[in-house]
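Below is one structure, written out as structure tokens, with a few remarks after it.
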Amino acid sequence: MPNSGAMRNARRNPSNDWKCAPNWLPTLGNRSRGGVCKVWGVLNDLLKAARGVRGWRDWRDWREGLDMRTWIPIVLVAAAASAWWLGRGATGEEPMTEPGTVEIYSVAEGKLIQVERVSLSDAEWKQRLTPMQYAVLRHHNTERPFTGEHCEKPSGVGVYQCAGCGTDLFVVGTKFESGTGWPSFYEPIHKNNTGATVDRSYGMVRTEVHCARCGGHLGHIFDDGPPPTGLRYCINSASLVFVPKAE
Ligand SMILES: [Zn+2]
């Protein structure tokens, strides 16, 4: 029976004389009316009981008077709200990638240059990048530690560029061994070339760092790095392409 829980409540509380799904739903079939009955019943239970709660004893009576069919939706809603709260920002707070120009430092030209922002649709990014690059750069994923190709410091000099748009991001000279399993740098190649936002995902407050030209997510910035900056740019290998300097 679709409304047996409600019927139980009605038996337990003789004054519980609410009617099932209202008659303004004539076009719904019996199955839909059954679903509406349950929701309608739960809402009525809560409203009616809440009106009578005046103290701790009333609250305890009310709580004990509710059956499983009333508690399950409450627990599910609370769980969904908690999951949303902890997970919000995991893919939100996207860095700005609308069209326009941005001034970045170019190693090849040895100066600041004006370039067009790279603004692509999600489908275009998916086509352009490898699955790992796409997951990290466009959806803020983090590669597992010690799995990326740029964990080790290269023997020669060179530049790490954004795997999404080729912007120069870091030079080998600022890379250090952090022991974390992710490529770590104490500063970017130029302050214009990266941007930072507050990242509140997974219940933590961290500083997210991204490419200034395409908005691609690179990693996070922490304040436990070595001199001269004291910062640790903890970067995903998947977001970088290494270009050795030929000399
Ligand atoms: Zn980029």
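Order determines the names: the first chain of the structure tokens is A, the second B, and so forth; residues in each chain are numbered 1 upward, and ligands are numbered 1 upward as they are shown.
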Near-ligand residues for ligand 1, threshold 9 Å, only C-alpha atoms and all ligand atoms, as a VMD selection string
chain A and resid 117 to 118 137 161 to 169 193 to 194 210 to 218 239
Write out as a ChimeraX atom specification each polymer residue whose atoms come within 9 Å of region 229-232 of chain A, counting only C-alpha atoms; drop sequence neighbours fewer than 3 positions from it.
/A:178,184-187,220-226
How would the residues just picked look written out with N, CA and C atoms as a PDB file, in the first residue's frame?
```
ATOM      1  N   SER A 178      60.363  18.878  -3.011  1.00  0.00           N
ATOM      2  CA  SER A 178      59.529  19.095  -1.828  1.00  0.00           C
ATOM      3  C   SER A 178      59.209  17.796  -1.110  1.00  0.00           C
ATOM      4  N   SER A 184      57.345  21.034  -7.675  1.00  0.00           N
ATOM      5  CA  SER A 184      57.200  22.176  -6.772  1.00  0.00           C
ATOM      6  C   SER A 184      58.147  23.299  -7.164  1.00  0.00           C
ATOM      7  N   PHE A 185      57.649  24.514  -7.151  1.00  0.00           N
ATOM      8  CA  PHE A 185      58.418  25.703  -7.534  1.00  0.00           C
ATOM      9  C   PHE A 185      58.219  26.759  -6.449  1.00  0.00           C
ATOM     10  N   TYR A 186      59.238  27.628  -6.270  1.00  0.00           N
ATOM     11  CA  TYR A 186      59.039  28.675  -5.252  1.00  0.00           C
ATOM     12  C   TYR A 186      58.481  29.963  -5.844  1.00  0.00           C
ATOM     13  N   GLU A 187      58.446  30.076  -7.177  1.00  0.00           N
ATOM     14  CA  GLU A 187      57.758  31.236  -7.772  1.00  0.00           C
ATOM     15  C   GLU A 187      57.502  30.992  -9.260  1.00  0.00           C
ATOM     16  N   HIS A 220      48.050  24.225  -6.358  1.00  0.00           N
ATOM     17  CA  HIS A 220      47.778  25.099  -5.209  1.00  0.00           C
ATOM     18  C   HIS A 220      49.066  25.751  -4.717  1.00  0.00           C
ATOM     19  N   ILE A 221      48.922  26.861  -3.996  1.00  0.00           N
ATOM     20  CA  ILE A 221      50.071  27.571  -3.420  1.00  0.00           C
ATOM     21  C   ILE A 221      50.018  27.424  -1.898  1.00  0.00           C
ATOM     22  N   PHE A 222      51.157  27.025  -1.307  1.00  0.00           N
ATOM     23  CA  PHE A 222      51.256  26.914   0.150  1.00  0.00           C
ATOM     24  C   PHE A 222      52.394  27.804   0.638  1.00  0.00           C
ATOM     25  N   ASP A 223      52.355  28.142   1.924  1.00  0.00           N
ATOM     26  CA  ASP A 223      53.368  29.074   2.449  1.00  0.00           C
ATOM     27  C   ASP A 223      54.488  28.363   3.203  1.00  0.00           C
ATOM     28  N   ASP A 224      54.779  27.112   2.833  1.00  0.00           N
ATOM     29  CA  ASP A 224      55.863  26.379   3.505  1.00  0.00           C
ATOM     30  C   ASP A 224      57.014  26.091   2.529  1.00  0.00           C
ATOM     31  N   GLY A 225      57.226  26.999   1.575  1.00  0.00           N
ATOM     32  CA  GLY A 225      58.297  26.820   0.598  1.00  0.00           C
ATOM     33  C   GLY A 225      59.632  27.370   1.080  1.00  0.00           C
ATOM     34  N   PRO A 226      60.676  27.177   0.273  1.00  0.00           N
ATOM     35  CA  PRO A 226      62.021  27.631   0.645  1.00  0.00           C
ATOM     36  C   PRO A 226      62.227  29.118   0.312  1.00  0.00           C
TER      37      PRO A 226
END
```
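Take CA of Thr197 (chain A) and CA of Val159 (chain A): the distance between them is 23.8 Å.
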What lies within 10 Å of region 122-125 of chain A using only C-alpha atoms, ignoring chain neighbours under 6 positions off, as a ChimeraX atom specification?
/A:131,133-134,137-139,164
Could the residues in this selection be written to a file with N, CA and C atoms, as a compact mmCIF listing (two decimals), in the first residue's frame?
```
# COMPACT_ATOMS: atom_id res chain seq x y z
N PRO A 131 43.19 12.92 -21.69
CA PRO A 131 42.20 12.80 -20.60
C PRO A 131 42.71 13.34 -19.27
N GLN A 133 45.21 15.63 -18.77
CA GLN A 133 45.34 17.09 -18.86
C GLN A 133 43.97 17.75 -18.72
N TYR A 134 42.97 17.18 -19.39
CA TYR A 134 41.61 17.73 -19.37
C TYR A 134 41.04 17.68 -17.94
N LEU A 137 43.37 20.35 -15.81
CA LEU A 137 43.29 21.75 -16.24
C LEU A 137 41.86 22.29 -16.21
N ARG A 138 40.93 21.51 -16.70
CA ARG A 138 39.57 22.04 -16.87
C ARG A 138 38.61 21.65 -15.75
N HIS A 139 38.94 20.61 -14.97
CA HIS A 139 38.02 20.18 -13.92
C HIS A 139 38.67 20.04 -12.55
N GLY A 164 47.78 23.65 -21.66
CA GLY A 164 46.56 24.05 -22.35
C GLY A 164 46.80 25.09 -23.42
```
May I ask which of the residues A:Gly203, A:Gly110, A:Gly179, A:Pro228 is the closest one to Pro145 (chain A), counting only C-alpha atoms?
A:Gly179
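Residue neighbourhood of Ser237 (chain A), excluding near-sequence residues (fewer than 6 positions): Met132, Gln133, Val136, Thr142, Glu143, Pro145, Phe146, Thr147, Gly148, Glu149, His150, Cys151, Tyr160, Ala163, Gly181, Trp182, Pro183, Ser184, Leu218 and Gly219 of chain A, at 10 Å, using only C-alpha atoms.
Closest to Arg144 (chain A) among A:Thr180, A:Pro99, A:Lys48, A:Val75 is A:Thr180, based on only C-alpha atoms.
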Can you list every residue in region 72-236 of chain A that DSSP puts in alpha helix (DSSP H), as number ranges by chain?
A: 72-87, 122-128, 131-139
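We find CA of Val172 (chain A) and CA of Glu208 (chain A) to be spaced 21.3 Å apart.
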Two-atom distance - CA of Phe242 (chain A), CA of Thr101 (chain A) (Å)
24.6 Å
